Each structure stands twice: as structure tokens, then as C-alpha cells.
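Engineer: Contents of run18.cif (mmCIF, C-alpha atoms and all ligand atoms) are given next:
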```cif
data_upload
loop_
_atom_site.label_atom_id
_atom_site.label_comp_id
_atom_site.auth_asym_id
_atom_site.auth_seq_id
_atom_site.Cartn_x
_atom_site.Cartn_y
_atom_site.Cartn_z
CA MET F 7 -0.36 -17.44 13.99
CA THR F 8 2.99 -17.83 15.74
CA VAL F 9 3.15 -21.04 17.77
CA ARG F 10 5.18 -20.80 20.94
CA ASN F 11 6.15 -24.12 22.51
CA LEU F 12 6.45 -24.22 26.26
CA PHE F 13 7.45 -27.29 28.22
CA LEU F 14 6.37 -27.16 31.86
CA LEU F 15 8.21 -29.10 34.56
CA PRO F 16 6.47 -28.21 37.85
CA GLY F 17 8.53 -30.69 39.93
CA ASP F 18 8.00 -31.25 43.64
CA GLY F 19 6.77 -29.51 46.80
CA ILE F 20 5.54 -25.98 46.09
CA GLY F 21 6.70 -26.24 42.43
CA PRO F 22 3.28 -27.41 41.15
CA GLU F 23 1.42 -24.86 43.32
CA ALA F 24 3.45 -21.97 41.89
CA MET F 25 3.26 -23.35 38.34
CA ALA F 26 -0.55 -23.47 38.52
CA GLU F 27 -0.55 -19.65 38.78
CA VAL F 28 1.59 -19.36 35.63
CA ARG F 29 -0.72 -21.76 33.83
CA LYS F 30 -3.60 -19.34 34.51
CA ILE F 31 -1.63 -16.48 32.93
CA ILE F 32 -0.79 -18.62 29.88
CA ALA F 33 -4.46 -19.59 29.48
CA PHE F 34 -5.50 -15.92 29.67
CA MET F 35 -2.87 -14.88 27.10
CA ASN F 36 -4.00 -17.63 24.71
CA ALA F 37 -7.73 -16.97 25.13
CA GLU F 38 -7.72 -13.16 25.10
CA ARG F 39 -4.44 -12.11 23.46
CA GLY F 40 -3.98 -14.83 20.79
CA ALA F 41 -0.52 -15.60 22.21
CA GLY F 42 -0.40 -19.08 20.66
CA PHE F 43 1.34 -20.85 23.53
CA GLU F 44 1.30 -24.62 23.13
CA THR F 45 2.14 -26.27 26.40
CA ASP F 46 3.18 -29.77 27.29
CA GLU F 47 4.03 -30.98 30.75
CA GLY F 48 6.47 -33.49 32.25
CA LEU F 49 7.89 -34.78 35.50
CA VAL F 50 11.19 -33.83 37.10
CA GLY F 51 12.89 -34.48 40.43
CA GLY F 52 11.26 -36.68 43.05
CA SER F 53 8.00 -36.97 41.12
CA ALA F 54 9.93 -38.28 38.09
CA TYR F 55 11.84 -40.71 40.31
CA ASP F 56 8.56 -42.08 41.72
CA ALA F 57 7.15 -42.57 38.21
CA HIS F 58 10.24 -43.63 36.21
CA GLY F 59 13.09 -44.30 38.64
CA ALA F 60 15.01 -41.37 37.09
CA ALA F 61 15.21 -37.65 37.91
CA ILE F 62 13.88 -36.95 34.41
CA SER F 63 12.79 -39.46 31.76
CA GLU F 64 14.39 -39.63 28.30
CA GLU F 65 11.00 -38.77 26.79
CA ASP F 66 10.73 -35.59 28.86
CA MET F 67 14.37 -34.69 28.08
CA ALA F 68 13.56 -34.95 24.37
CA LYS F 69 10.55 -32.65 24.84
CA ALA F 70 12.69 -30.13 26.73
CA MET F 71 15.25 -30.17 23.90
CA LYS F 72 12.54 -29.42 21.33
CA ALA F 73 10.66 -26.70 23.24
CA ASP F 74 11.17 -22.96 22.65
CA ALA F 75 11.46 -22.60 26.43
CA VAL F 76 11.26 -24.75 29.56
CA LEU F 77 9.50 -23.51 32.69
CA PHE F 78 10.81 -25.28 35.78
CA GLY F 79 9.25 -25.22 39.28
CA ALA F 80 11.40 -26.78 42.00
CA VAL F 81 12.68 -30.22 42.96
CA GLY F 82 13.51 -32.19 46.08
CA GLY F 83 12.16 -32.96 49.52
CA PRO F 84 12.78 -35.25 52.49
CA LYS F 85 10.93 -38.13 50.80
CA TRP F 86 13.84 -38.48 48.33
CA ASP F 87 16.76 -37.76 50.66
CA ASP F 88 17.96 -41.38 50.47
CA VAL F 89 17.54 -42.18 46.78
CA PRO F 90 20.76 -43.13 44.90
CA TYR F 91 23.02 -40.13 44.15
CA ASP F 92 22.75 -40.25 40.35
CA VAL F 93 18.93 -40.20 40.40
CA ARG F 94 18.53 -37.65 43.22
CA PRO F 95 16.02 -34.88 42.39
CA GLU F 96 18.70 -32.23 41.61
CA ALA F 97 20.14 -34.56 38.94
CA GLY F 98 17.12 -33.68 36.75
CA LEU F 99 17.99 -29.98 36.80
CA LEU F 100 21.70 -30.63 36.23
CA ARG F 101 20.90 -32.89 33.26
CA LEU F 102 18.67 -30.18 31.75
CA ARG F 103 21.40 -27.54 32.19
CA LYS F 104 24.02 -29.82 30.66
CA ASP F 105 22.06 -31.18 27.69
CA LEU F 106 20.53 -27.81 26.80
CA GLU F 107 24.05 -26.31 27.20
CA LEU F 108 22.75 -23.48 29.37
CA PHE F 109 25.96 -21.56 30.01
CA ALA F 110 24.47 -18.19 31.01
CA ASN F 111 22.55 -17.83 34.26
CA LEU F 112 20.62 -14.57 34.60
CA ARG F 113 19.63 -13.51 38.09
CA PRO F 114 17.87 -10.16 38.35
CA ALA F 115 17.86 -8.49 41.76
CA ILE F 116 14.93 -6.12 41.78
CA CYS F 117 13.76 -4.39 44.92
CA TYR F 118 10.11 -3.48 44.65
CA PRO F 119 9.57 -0.16 46.45
CA ALA F 120 6.79 -1.73 48.54
CA LEU F 121 9.27 -4.28 49.93
CA ALA F 122 12.27 -1.99 50.54
CA SER F 123 11.82 -2.33 54.29
CA ALA F 124 12.17 -6.16 54.06
CA SER F 125 15.81 -5.84 52.93
CA SER F 126 18.68 -6.24 55.37
CA LEU F 127 20.05 -2.90 54.07
CA LYS F 128 18.65 0.58 54.68
CA PRO F 129 15.60 1.16 52.47
CA GLU F 130 17.21 4.13 50.67
CA LEU F 131 20.10 1.92 49.53
CA VAL F 132 17.84 -0.68 47.89
CA GLU F 133 14.58 1.06 46.97
CA GLY F 134 14.18 0.83 43.20
CA LEU F 135 17.23 -1.46 42.87
CA ASP F 136 17.31 -3.20 39.49
CA ILE F 137 20.49 -5.10 38.67
CA LEU F 138 21.15 -8.20 36.60
CA ILE F 139 23.84 -10.69 37.57
CA ILE F 140 25.07 -12.92 34.77
CA ARG F 141 26.89 -15.98 36.03
CA GLU F 142 28.84 -18.39 33.82
CA LEU F 143 27.18 -21.72 34.58
CA THR F 144 28.93 -24.61 32.85
CA GLY F 145 32.66 -24.00 33.38
CA GLY F 146 35.13 -22.93 36.04
CA VAL F 147 36.07 -24.58 39.28
CA TYR F 148 32.86 -26.61 39.70
CA PHE F 149 33.69 -28.68 36.62
CA GLY F 150 37.47 -28.33 36.02
CA GLU F 151 39.72 -31.43 36.18
CA PRO F 152 41.58 -32.65 38.14
CA LYS F 153 39.05 -32.68 40.95
CA THR F 154 40.36 -35.07 43.59
CA ILE F 155 41.04 -35.83 47.22
CA THR F 156 44.32 -37.73 47.56
CA ASP F 157 45.60 -39.50 50.66
CA LEU F 158 49.18 -38.29 51.18
CA GLY F 159 49.94 -41.24 53.45
CA ASN F 160 51.22 -39.13 56.36
CA GLY F 161 47.88 -38.57 58.03
CA GLN F 162 47.22 -35.74 55.59
CA LYS F 163 44.93 -35.54 52.57
CA ARG F 164 45.10 -33.10 49.65
CA ALA F 165 41.98 -31.76 47.94
CA ILE F 166 42.24 -30.25 44.47
CA ASP F 167 39.68 -28.32 42.46
CA THR F 168 40.71 -26.78 39.17
CA GLN F 169 39.57 -23.43 37.83
CA VAL F 170 39.61 -23.64 34.01
CA TYR F 171 38.30 -21.21 31.41
CA ASP F 172 38.87 -21.23 27.66
CA THR F 173 38.63 -18.08 25.54
CA TYR F 174 35.34 -19.13 23.87
CA GLU F 175 33.62 -19.65 27.22
CA ILE F 176 34.50 -16.14 28.37
CA GLU F 177 33.68 -14.60 24.99
CA ARG F 178 30.17 -16.05 24.86
CA ILE F 179 29.21 -15.10 28.43
CA ALA F 180 30.62 -11.58 27.91
CA SER F 181 28.56 -11.27 24.71
CA VAL F 182 25.37 -12.20 26.61
CA ALA F 183 26.20 -9.53 29.22
CA PHE F 184 26.80 -6.81 26.63
CA GLU F 185 23.63 -7.74 24.73
CA MET F 186 21.54 -7.66 27.91
CA ALA F 187 23.07 -4.32 28.90
CA ARG F 188 21.93 -2.84 25.59
CA THR F 189 18.31 -3.64 26.55
CA ARG F 190 18.79 -1.97 29.96
CA ASN F 191 21.08 0.90 31.07
CA ASN F 192 24.00 -0.05 28.80
CA ARG F 193 26.57 -0.69 31.55
CA VAL F 194 28.52 -3.88 32.35
CA CYS F 195 30.78 -4.51 35.32
CA SER F 196 33.00 -7.59 34.89
CA MET F 197 34.29 -9.20 38.11
CA GLU F 198 37.26 -11.58 38.53
CA LYS F 199 40.44 -11.94 40.61
CA ARG F 200 43.14 -11.07 38.06
CA ASN F 201 45.43 -10.02 40.92
CA VAL F 202 45.82 -13.64 42.12
CA MET F 203 44.35 -15.98 39.48
CA LYS F 204 45.51 -16.69 35.90
CA SER F 205 41.92 -17.44 34.96
CA GLY F 206 41.13 -13.89 36.16
CA VAL F 207 43.84 -12.46 33.88
CA LEU F 208 42.41 -14.27 30.85
CA TRP F 209 38.83 -13.38 31.85
CA ASN F 210 39.78 -9.69 32.01
CA GLN F 211 41.63 -9.81 28.64
CA VAL F 212 38.85 -11.61 26.79
CA VAL F 213 36.04 -9.42 28.19
CA THR F 214 38.06 -6.32 27.20
CA ALA F 215 38.73 -7.65 23.69
CA THR F 216 35.08 -8.73 23.15
CA HIS F 217 33.97 -5.26 24.22
CA LYS F 218 36.41 -3.51 21.87
CA ASP F 219 35.54 -5.80 18.99
CA LYS F 220 31.73 -5.81 19.07
CA TYR F 221 30.22 -3.85 21.94
CA SER F 222 32.18 -0.60 22.35
CA ASP F 223 28.88 1.34 22.65
CA VAL F 224 28.34 -0.33 26.07
CA LYS F 225 30.12 1.16 29.09
CA LEU F 226 32.50 -1.48 30.55
CA GLU F 227 34.08 -1.44 33.99
CA HIS F 228 36.24 -4.09 35.70
CA MET F 229 36.24 -4.81 39.42
CA LEU F 230 38.01 -7.39 41.56
CA ALA F 231 35.34 -9.83 42.75
CA ASP F 232 36.02 -9.23 46.46
CA ALA F 233 35.72 -5.46 45.99
CA GLY F 234 32.58 -6.13 43.95
CA GLY F 235 31.09 -8.02 46.89
CA MET F 236 31.73 -5.04 49.13
CA GLN F 237 30.25 -2.60 46.64
CA LEU F 238 27.15 -4.80 46.28
CA VAL F 239 26.28 -4.29 49.93
CA ARG F 240 27.63 -0.70 50.17
CA ALA F 241 25.99 0.89 47.14
CA PRO F 242 24.20 -1.73 45.03
CA LYS F 243 22.41 0.77 42.82
CA GLN F 244 25.72 1.71 41.11
CA PHE F 245 25.46 -1.51 39.02
CA ASP F 246 23.43 -2.34 35.93
CA VAL F 247 24.73 -5.70 34.59
CA ILE F 248 27.40 -7.70 36.44
CA VAL F 249 29.15 -10.55 34.61
CA THR F 250 31.28 -13.06 36.46
CA ASP F 251 32.41 -16.69 36.57
CA ASN F 252 30.64 -19.71 38.03
CA LEU F 253 32.08 -19.58 41.57
CA PHE F 254 31.99 -15.82 42.15
CA GLY F 255 28.59 -15.67 40.43
CA ASP F 256 27.19 -18.30 42.77
CA MET F 257 28.08 -16.17 45.78
CA LEU F 258 27.50 -12.68 44.41
CA SER F 259 24.06 -13.57 43.04
CA ASP F 260 22.98 -14.91 46.45
CA VAL F 261 24.26 -11.74 48.14
CA ALA F 262 22.37 -9.58 45.64
CA ALA F 263 19.27 -11.73 46.10
CA MET F 264 19.11 -11.04 49.81
CA LEU F 265 19.18 -7.30 49.17
CA THR F 266 15.67 -7.69 47.86
CA GLY F 267 13.93 -9.45 50.75
CA SER F 268 12.49 -12.93 50.25
CA LEU F 269 13.41 -16.09 48.36
CA GLY F 270 9.82 -16.27 47.17
CA MET F 271 10.41 -13.17 45.01
CA LEU F 272 13.44 -14.20 42.94
CA PRO F 273 13.24 -15.36 39.31
CA SER F 274 16.06 -16.65 37.10
CA ALA F 275 16.78 -17.63 33.51
CA SER F 276 19.43 -19.89 32.04
CA LEU F 277 20.27 -19.42 28.38
CA GLY F 278 22.25 -21.41 25.81
CA ALA F 279 23.96 -20.39 22.58
CA PRO F 280 21.86 -19.06 19.69
CA ASP F 281 20.88 -21.79 17.21
CA ALA F 282 22.89 -21.44 13.99
CA LYS F 283 19.75 -21.66 11.80
CA THR F 284 17.00 -19.96 13.81
CA GLY F 285 19.04 -17.64 16.06
CA LYS F 286 16.91 -18.83 19.02
CA ARG F 287 18.59 -19.65 22.30
CA LYS F 288 17.65 -22.74 24.33
CA ALA F 289 16.29 -21.48 27.62
CA LEU F 290 15.07 -22.60 31.03
CA TYR F 291 13.27 -20.32 33.48
CA GLU F 292 12.95 -21.13 37.17
CA PRO F 293 12.46 -19.49 40.54
CA VAL F 294 15.57 -19.36 42.72
CA HIS F 295 13.80 -20.99 45.66
CA GLY F 296 13.57 -24.73 46.28
CA SER F 297 10.56 -26.99 46.85
CA ALA F 298 9.94 -25.59 50.39
CA PRO F 299 8.71 -28.88 51.91
CA ASP F 300 7.91 -27.04 55.16
CA ILE F 301 5.00 -25.20 53.51
CA ALA F 302 4.16 -27.48 50.53
CA GLY F 303 0.51 -28.45 50.08
CA GLN F 304 -0.79 -25.66 52.31
CA GLY F 305 -1.63 -23.16 49.56
CA ILE F 306 0.51 -20.45 51.15
CA ALA F 307 3.61 -20.40 48.88
CA ASN F 308 4.49 -17.13 47.21
CA PRO F 309 4.05 -17.62 43.42
CA ILE F 310 5.79 -14.33 42.49
CA ALA F 311 9.24 -15.85 41.76
CA MET F 312 7.60 -18.34 39.37
CA ILE F 313 5.44 -15.66 37.72
CA ALA F 314 8.44 -13.31 37.39
CA SER F 315 10.38 -16.21 35.81
CA PHE F 316 7.59 -16.45 33.22
CA ALA F 317 7.94 -12.68 32.64
CA MET F 318 11.64 -13.30 31.87
CA CYS F 319 10.55 -16.04 29.46
CA LEU F 320 8.24 -13.62 27.65
CA ARG F 321 11.11 -11.11 27.40
CA TYR F 322 14.05 -13.30 26.46
CA SER F 323 12.56 -16.27 24.58
CA PHE F 324 9.63 -14.59 22.82
CA ASN F 325 10.63 -10.92 22.65
CA MET F 326 7.19 -10.04 24.13
CA VAL F 327 8.68 -6.99 25.84
CA ASP F 328 5.44 -5.09 26.41
CA GLU F 329 3.77 -8.12 28.02
CA ALA F 330 6.87 -8.79 30.17
CA ASP F 331 6.99 -5.15 31.32
CA LYS F 332 3.29 -5.23 32.19
CA LEU F 333 3.47 -8.55 34.03
CA GLU F 334 6.34 -7.18 36.14
CA LYS F 335 4.38 -3.97 36.69
CA ALA F 336 1.34 -6.01 37.76
CA ILE F 337 3.48 -7.69 40.44
CA ALA F 338 4.73 -4.30 41.68
CA ASN F 339 1.19 -2.86 41.75
CA VAL F 340 -0.23 -5.78 43.72
CA LEU F 341 2.56 -5.38 46.29
CA GLU F 342 1.89 -1.63 46.47
CA LYS F 343 -1.75 -2.41 47.28
CA GLY F 344 -0.48 -4.31 50.33
CA ILE F 345 -1.41 -7.80 49.13
CA ARG F 346 1.10 -10.25 50.60
CA THR F 347 1.77 -13.95 51.04
CA GLY F 348 3.02 -15.00 54.48
CA ASP F 349 6.74 -14.84 53.62
CA ILE F 350 6.57 -11.10 52.78
CA MET F 351 3.77 -10.14 55.16
CA ALA F 352 4.10 -6.75 56.88
CA GLU F 353 2.00 -4.77 59.33
CA GLY F 354 -1.15 -3.25 57.83
CA CYS F 355 -1.06 -5.52 54.74
CA THR F 356 -3.58 -8.15 53.63
CA LYS F 357 -2.38 -11.74 53.91
CA VAL F 358 -3.40 -14.02 51.03
CA GLY F 359 -2.60 -17.53 49.77
CA THR F 360 -0.94 -18.69 46.55
CA VAL F 361 -4.14 -18.70 44.46
CA GLU F 362 -5.32 -15.26 45.63
CA MET F 363 -1.89 -13.76 44.91
CA GLY F 364 -1.93 -15.32 41.42
CA ASP F 365 -5.48 -14.04 40.81
CA ALA F 366 -4.59 -10.51 41.94
CA ILE F 367 -1.55 -10.38 39.62
CA LEU F 368 -3.54 -11.77 36.69
CA ALA F 369 -6.36 -9.24 37.23
CA LYS F 370 -3.85 -6.35 37.27
CA PHE F 371 -2.01 -7.76 34.23
CA ARG F 372 -5.28 -7.97 32.30
CA ALA F 373 -6.14 -4.37 33.28
CA LEU F 374 -2.68 -3.08 32.25
CA LEU F 375 -2.92 -4.77 28.85
CA GLY F 376 -6.24 -2.99 28.39
P1 LIG M 401 13.82 -23.65 49.94
O1 LIG M 401 14.09 -22.55 48.99
O2 LIG M 401 12.94 -24.73 49.46
O3 LIG M 401 13.21 -23.05 51.30
C1 LIG M 401 13.92 -22.18 52.17
C2 LIG M 401 12.91 -21.42 53.05
O4 LIG M 401 12.26 -20.42 52.26
C3 LIG M 401 11.80 -22.31 53.62
O5 LIG M 401 11.47 -21.88 54.90
C4 LIG M 401 10.64 -22.09 52.67
O6 LIG M 401 9.37 -22.24 53.27
C5 LIG M 401 10.87 -20.63 52.24
N1 LIG M 401 10.40 -20.42 50.86
C6 LIG M 401 11.05 -20.80 49.72
N2 LIG M 401 10.31 -20.48 48.66
C7 LIG M 401 9.18 -19.89 49.11
C8 LIG M 401 8.02 -19.37 48.48
N3 LIG M 401 7.88 -19.36 47.15
N4 LIG M 401 7.05 -18.84 49.26
C9 LIG M 401 7.18 -18.81 50.60
N5 LIG M 401 8.25 -19.30 51.25
C10 LIG M 401 9.24 -19.84 50.52
O7 LIG M 401 15.26 -24.25 50.35
P2 LIG M 401 15.60 -25.50 51.31
O8 LIG M 401 14.61 -25.57 52.43
O9 LIG M 401 17.03 -25.38 51.57
O10 LIG M 401 15.40 -26.78 50.37
C11 LIG M 401 14.21 -27.55 50.31
C12 LIG M 401 14.34 -28.56 49.18
O11 LIG M 401 14.44 -27.87 47.93
C13 LIG M 401 15.58 -29.44 49.30
O12 LIG M 401 15.24 -30.74 48.89
C14 LIG M 401 16.56 -28.79 48.33
O13 LIG M 401 17.49 -29.72 47.83
C15 LIG M 401 15.62 -28.31 47.26
N6 LIG M 401 16.11 -27.18 46.45
C16 LIG M 401 15.76 -27.21 45.14
C17 LIG M 401 16.11 -26.15 44.32
C18 LIG M 401 15.65 -26.17 42.88
O14 LIG M 401 14.75 -26.93 42.57
N7 LIG M 401 16.21 -25.36 42.02
C19 LIG M 401 16.80 -25.04 44.84
C20 LIG M 401 17.12 -25.04 46.20
C21 LIG M 401 16.76 -26.12 47.01
#
```
What is this structure when it is put down as C-alpha cells?
Ligand code: NAD
Structural biologist:
Amino acid sequence: MTVRNLFLLPGDGIGPEAMAEVRKIIAFMNAERGAGFETDEGLVGGSAYDAHGAAISEEDMAKAMKADAVLFGAVGGPKWDDVPYDVRPEAGLLRLRKDLELFANLRPAICYPALASASSLKPELVEGLDILIIRELTGGVYFGEPKTITDLGNGQKRAIDTQVYDTYEIERIASVAFEMARTRNNRVCSMEKRNVMKSGVLWNQVVTATHKDKYSDVKLEHMLADAGGMQLVRAPKQFDVIVTDNLFGDMLSDVAAMLTGSLGMLPSASLGAPDAKTGKRKALYEPVHGSAPDIAGQGIANPIAMIASFAMCLRYSFNMVDEADKLEKAIANVLEKGIRTGDIMAEGCTKVGTVEMGDAILAKFRALLG
């Protein structure tokens, strides 16, 4: 039987509450579908700091490096606001991204028909929306050197951030985008600012060359990132896969996220390069939301973002496409039935807590698998 190694890092706040609902799904898939998941669990963020004085221990880092996939909850909270900068809760996530070399961040923006009215746009613009934003995660202006603030000595200071991209970084993120597009509607829109930035010129050239070389079956379009932002809120359904750099991706993925309603609904995946021997990519799956200290411990958090992150894990790390489709369909069906956590509650619906939402999704998933 295939063994699938999962390393769970529930983290802080509502992270463990949401992860508990995924654990139930894993247990069901092992017991009734012979899925062969072997899970181990570690500490990250504030909980790791309390136990080890670090945002993630070396032992847990080693386990994350060995796992087929890492499932991550959320980190942070007021309790750790004053801990030293290099061991702050977020440092655990940044270390994971860096050591696993997770250069591709996948953020789907899916608008479930039942939630179309929760969007800030007109329901007809977002109903049935299904786009995937692929953001370059390890390069660009957030990491480029020099990165300084210099005192100019005349009462003025000068701040410098540097936008840097090498060919290989653009090539590999473009390849991920084209490969993902092939599993969807076969269209990629690449966004940069080639009109004012040299890095945009190179980005455009390398994406075009990668397309011509290996992915000419996929439809490629280029858009300036500012125009892309406008199009995202004007007619978001025109897109299938959007690929862009770290800075533009940070903003555009948050814009796209809000088209769909609530933070509690948004999954994400971060992928590394394929292993030379096995062809498997290192991968970390996490909800977009944080640890929500304002509602932690009350049993009212929405577990859908965490469960949908697990669906991405089934799809991208284990090629369990049928199971991923059905888990996503189970989420949509439960929403259609009017079952809601507080953050997505609407008139005439039934309000439930974290555990009831998880149970309802699992029951539907089980029924869909037959
Ligand atoms: P947040 O995402 O934790 O919460 C923002 C708001 O959305 C809150 O009102 C919260 O109750 C609500 N919310 C978020 N997820 C929800 C869910 N699943 N169900 C219902 N409601 C939900 O962001 P924040 O308040 O800015 O940050 C809180 C802490 O989380 C901070 O310490 C921050 O640094 C950390 N954080 C961590 C991550 C991460 O772990 N990846 C991401 C963002 C923020």
C-alpha cells in the first residue's frame, strides 16, 4: 500500500481547532478508503516558542523536510507580541518557506454560488468564479539587496528596496503556471510592469520564451499589473490562471480573495521544485487566515479554509484528483444547504460551530465517495 507522509503543524489560536476537522477527514480516508496517510505532528509559532524558545524546533524542521506534505494551521497572537523578533511566531512559517524552497504560492479564488451575495461585487460578476493566482514567493523586492535606510545627513533619509529576478526564477514559476493551467481551463495571464520596470521586461521575455519552448498548447496573455488589478474587480471571470511576481502577487491575491467573501474560506498551497529523483515537489498547505485570537477557543471558527487546503494537498501532492474534487464539492453542497459558521452567516441559514461544520462536510464527502 502507498504510504503518504503528512506532517501537521496546527500552530496557535484557531489553528488547532481547524486542524482537528482535517484530522477527522484523514482518519476516515485511512479507515474506509485505505488512503495510507501516516501523520506526525509538531509545534510552530507561539506554541513552539513556549515549548522550545524557537518558532519551530530543529527536530520539527527535519520532519517537515522529510514529509510528502506539510499541513499548517495558523500562528501568532497577543501573548507573543513582545517575544524577540527572530523567534516571533511568523518566523516559523518563514523558515519553513525558506528551507523547503517554496517558490510558488497558489491562491485559488473560488466563489461558491451559495456565497455570491457575500462578495463586495455584484453576485453575477462573481458567482461561479474559479481563478488561480500563482505568486512568486522567494524573490523580488521583498528579498532583493540592497535593502537599506540611509541617513543623508541633511534631515533626509533614503529608503531603498531592490527588485531582482533572475531568468531561472521566472522560468520555474512560469512553468508551474502553465502546468496548473493544463489541469484547468488551459489559460495563463502573466502580469508585470514592463512599461516602467526592467524586471518587468525580463519577466515578460522569459514567460514568453518558456511558453514557446514547452507550453505552446496553453493560451498565454500578458497584462500590465495595474490593468490586471482593474480587470480583477471589473470582470474577474475572464481569468483562469494568473502568474505574477512576489509584490504584485501579494496584492492581487488579496484583492481576488475578497471577491469571494470571507477569510475563513480561503485555502493556499506553496510548492517547491520537483525532486530530481522522485519528481515530487515539497509542499505546504495552509489557510490564508491567521490565528484569529478574537474567536480562538470558542469553537466557532470556520474550518473550511483548512479543509479546502487539505483538498489542495490531495490534488497537488498526492494526485488524488477524484477525492479532491469530491471534498470541494462536499463544501459547496453543505453551503448550499444553508449550513454556516458565524463569519458567513446569512438570513434563513443554520448557524453551526467548527465541529458541526466539519462533521457536515465529512458526512457529505463520505456520501459523494459512495
Ligand atoms: P486573522 O486572519 O487572524 O483574523 C482577521 C479577522 O477574521 C478576525 O476578526 C477573525 O476572527 C476573522 N477570521 C479569520 N479566520 C477566521 C475563520 N477561520 N473563521 C471565522 N473567522 C475568521 O488576522 P489578524 O487578526 O490580522 O491576525 C491575528 C494573528 O494571526 C496575528 O498574530 C497575526 O500576526 C497572525 N497571522 C498569522 C497568519 C498565518 O499564520 N499564516 C496570517 C495572518 C495573520
Engineer: Please report, as a Markdown table, each residue of chain F lying at most 6 Å from ligand LIG 401 (chain M), together with the nearest pair of atoms and the separation in Å rounded to one decimal; use all atoms listed in the file, and order rows by chain and ascending residue number.
Structural biologist:
```
| residue | atom | partner | partner_atom | distance |
| --- | --- | --- | --- | --- |
| F:Ala80 | CA | M:LIG401 | O14 | 3.4 |
| F:Val81 | CA | M:LIG401 | O14 | 3.9 |
| F:Gly82 | CA | M:LIG401 | O12 | 3.6 |
| F:Gly83 | CA | M:LIG401 | O12 | 3.8 |
| F:Leu269 | CA | M:LIG401 | N2 | 5.4 |
| F:Gly270 | CA | M:LIG401 | N3 | 3.6 |
| F:His295 | CA | M:LIG401 | O1 | 3.7 |
| F:Gly296 | CA | M:LIG401 | O2 | 3.2 |
| F:Ser297 | CA | M:LIG401 | O11 | 4.1 |
| F:Ala298 | CA | M:LIG401 | O2 | 3.3 |
| F:Pro299 | CA | M:LIG401 | C11 | 5.9 |
| F:Asp300 | CA | M:LIG401 | O6 | 5.4 |
| F:Ile301 | CA | M:LIG401 | O6 | 5.3 |
| F:Ala307 | CA | M:LIG401 | N4 | 3.8 |
| F:Asn308 | CA | M:LIG401 | N4 | 3.7 |
| F:Pro309 | CA | M:LIG401 | N3 | 5.6 |
| F:Asp349 | CA | M:LIG401 | C9 | 5.0 |
```
Engineer: If we count only C-alpha atoms and set the cut-off at 9 Å, which residues sit around stretch 139-155 of chain F, ignoring sequence neighbours fewer than 3 positions away in its own chain? Please answer as a ChimeraX atom specification.
Structural biologist: /F:103-104,107-115,163-172,175-176,179-180,182-183,205,246-256,258-259,262,276
Engineer: Could you give me, as a count of residues only, the residues within 12 Å of stretch 228-239 of chain F, counting all atoms listed in the file and dropping anything in the same chain fewer than 5 positions from it?
Structural biologist: 54
Engineer: Just give me the gap between atom CA of F:Gly344 and atom CA of F:Met318 in Å, one decimal is fine.
Structural biologist: 23.8 Å
Engineer: Write out as a list in words each polymer residue whose atoms come within 9 Å of F:Leu77, counting all atoms listed in the file; drop sequence neighbours fewer than 2 positions from it.
Structural biologist: Leu12, Phe13, Leu14, Leu15, Pro16, Met25, Ala75, Gly79, Ala289, Leu290, Tyr291, Glu292, Met312, Ser315, Phe316 and Cys319 of chain F
Engineer: Please return, as a list in words, all polymer residues that have at least one atom within 10 Å of the point (3.3, -33.7, 28.8); use only C-alpha atoms and the file's own coordinate frame.
Structural biologist: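 Residues satisfying the cut-off, written out: Phe13, Leu14, Leu15, Thr45, Asp46, Glu47, Gly48, Leu49, Glu65, Asp66 and Lys69 of chain F.
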Engineer: Find the residues around F:Asn11 up to 9 Å (all atoms listed in the file counted), leave out those fewer than 5 positions away in its own chain, and share them as a CSV table (one decimal) with C-alpha atoms, in the coordinates of the input.
Structural biologist:
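The resulting around-v5.csv:
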```
chain,number,residue,atom,x,y,z
F,42,GLY,CA,-0.4,-19.1,20.7
F,43,PHE,CA,1.3,-20.8,23.5
F,44,GLU,CA,1.3,-24.6,23.1
F,45,THR,CA,2.1,-26.3,26.4
F,46,ASP,CA,3.2,-29.8,27.3
F,72,LYS,CA,12.5,-29.4,21.3
F,73,ALA,CA,10.7,-26.7,23.2
F,74,ASP,CA,11.2,-23.0,22.6
F,75,ALA,CA,11.5,-22.6,26.4
F,76,VAL,CA,11.3,-24.8,29.6
```
Engineer: Quick one: pull the distance between atom CA of F:Ala70 and atom CA of F:Leu102, Å, one decimal.
Structural biologist: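 Calculated distance between atom CA of F:Ala70 and atom CA of F:Leu102 is 7.8 Å.
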Engineer: Pick out the residues sitting within 10 Å of F:Tyr55, and hand them over as a PDB file with C-alpha atoms, keeping the file's coordinate frame; count only C-alpha atoms, and ignore anything fewer than 4 positions along from it in its own chain.
Structural biologist:
```pdb
ATOM      1  CA  LEU F  49       7.890 -34.780  35.500  1.00  0.00           C
ATOM      2  CA  VAL F  50      11.190 -33.830  37.100  1.00  0.00           C
ATOM      3  CA  GLY F  51      12.890 -34.480  40.430  1.00  0.00           C
ATOM      4  CA  GLY F  59      13.090 -44.300  38.640  1.00  0.00           C
ATOM      5  CA  ALA F  60      15.010 -41.370  37.090  1.00  0.00           C
ATOM      6  CA  ALA F  61      15.210 -37.650  37.910  1.00  0.00           C
ATOM      7  CA  ILE F  62      13.880 -36.950  34.410  1.00  0.00           C
ATOM      8  CA  SER F  63      12.790 -39.460  31.760  1.00  0.00           C
ATOM      9  CA  TRP F  86      13.840 -38.480  48.330  1.00  0.00           C
ATOM     10  CA  VAL F  89      17.540 -42.180  46.780  1.00  0.00           C
ATOM     11  CA  VAL F  93      18.930 -40.200  40.400  1.00  0.00           C
ATOM     12  CA  ARG F  94      18.530 -37.650  43.220  1.00  0.00           C
ATOM     13  CA  PRO F  95      16.020 -34.880  42.390  1.00  0.00           C
ATOM     14  CA  GLY F  98      17.120 -33.680  36.750  1.00  0.00           C
TER      15      GLY F  98
END
```
Engineer: Can you work out which one of F:Thr173, F:Leu100, F:Asn192, F:Ser268 has the shortest atom-to-atom distance to F:Ile116, counting only C-alpha atoms?
Structural biologist: F:Ser268
Engineer: Check the smallest atom-to-atom distance from each of F:Leu375, F:Leu106, F:Ile20, F:Leu277 to F:Met186 using all atoms listed in the file, then report the winner.
Structural biologist: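 Among F:Leu375, F:Leu106, F:Ile20, F:Leu277, it is F:Leu277 that comes nearest to F:Met186.
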Engineer: Go ahead and compute the interatomic distance for atom CA of F:Leu208 and atom CA of F:Arg178, in Å to one decimal.
Structural biologist: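 So the answer is 13.7 Å.
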Engineer: So, with all atoms listed in the file as the atoms that count, which of F:Thr284, F:Lys243, F:Ala37, F:Arg10 lies closest to F:Gly134?
Structural biologist: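 For F:Gly134, the nearest of the given residues is F:Lys243.
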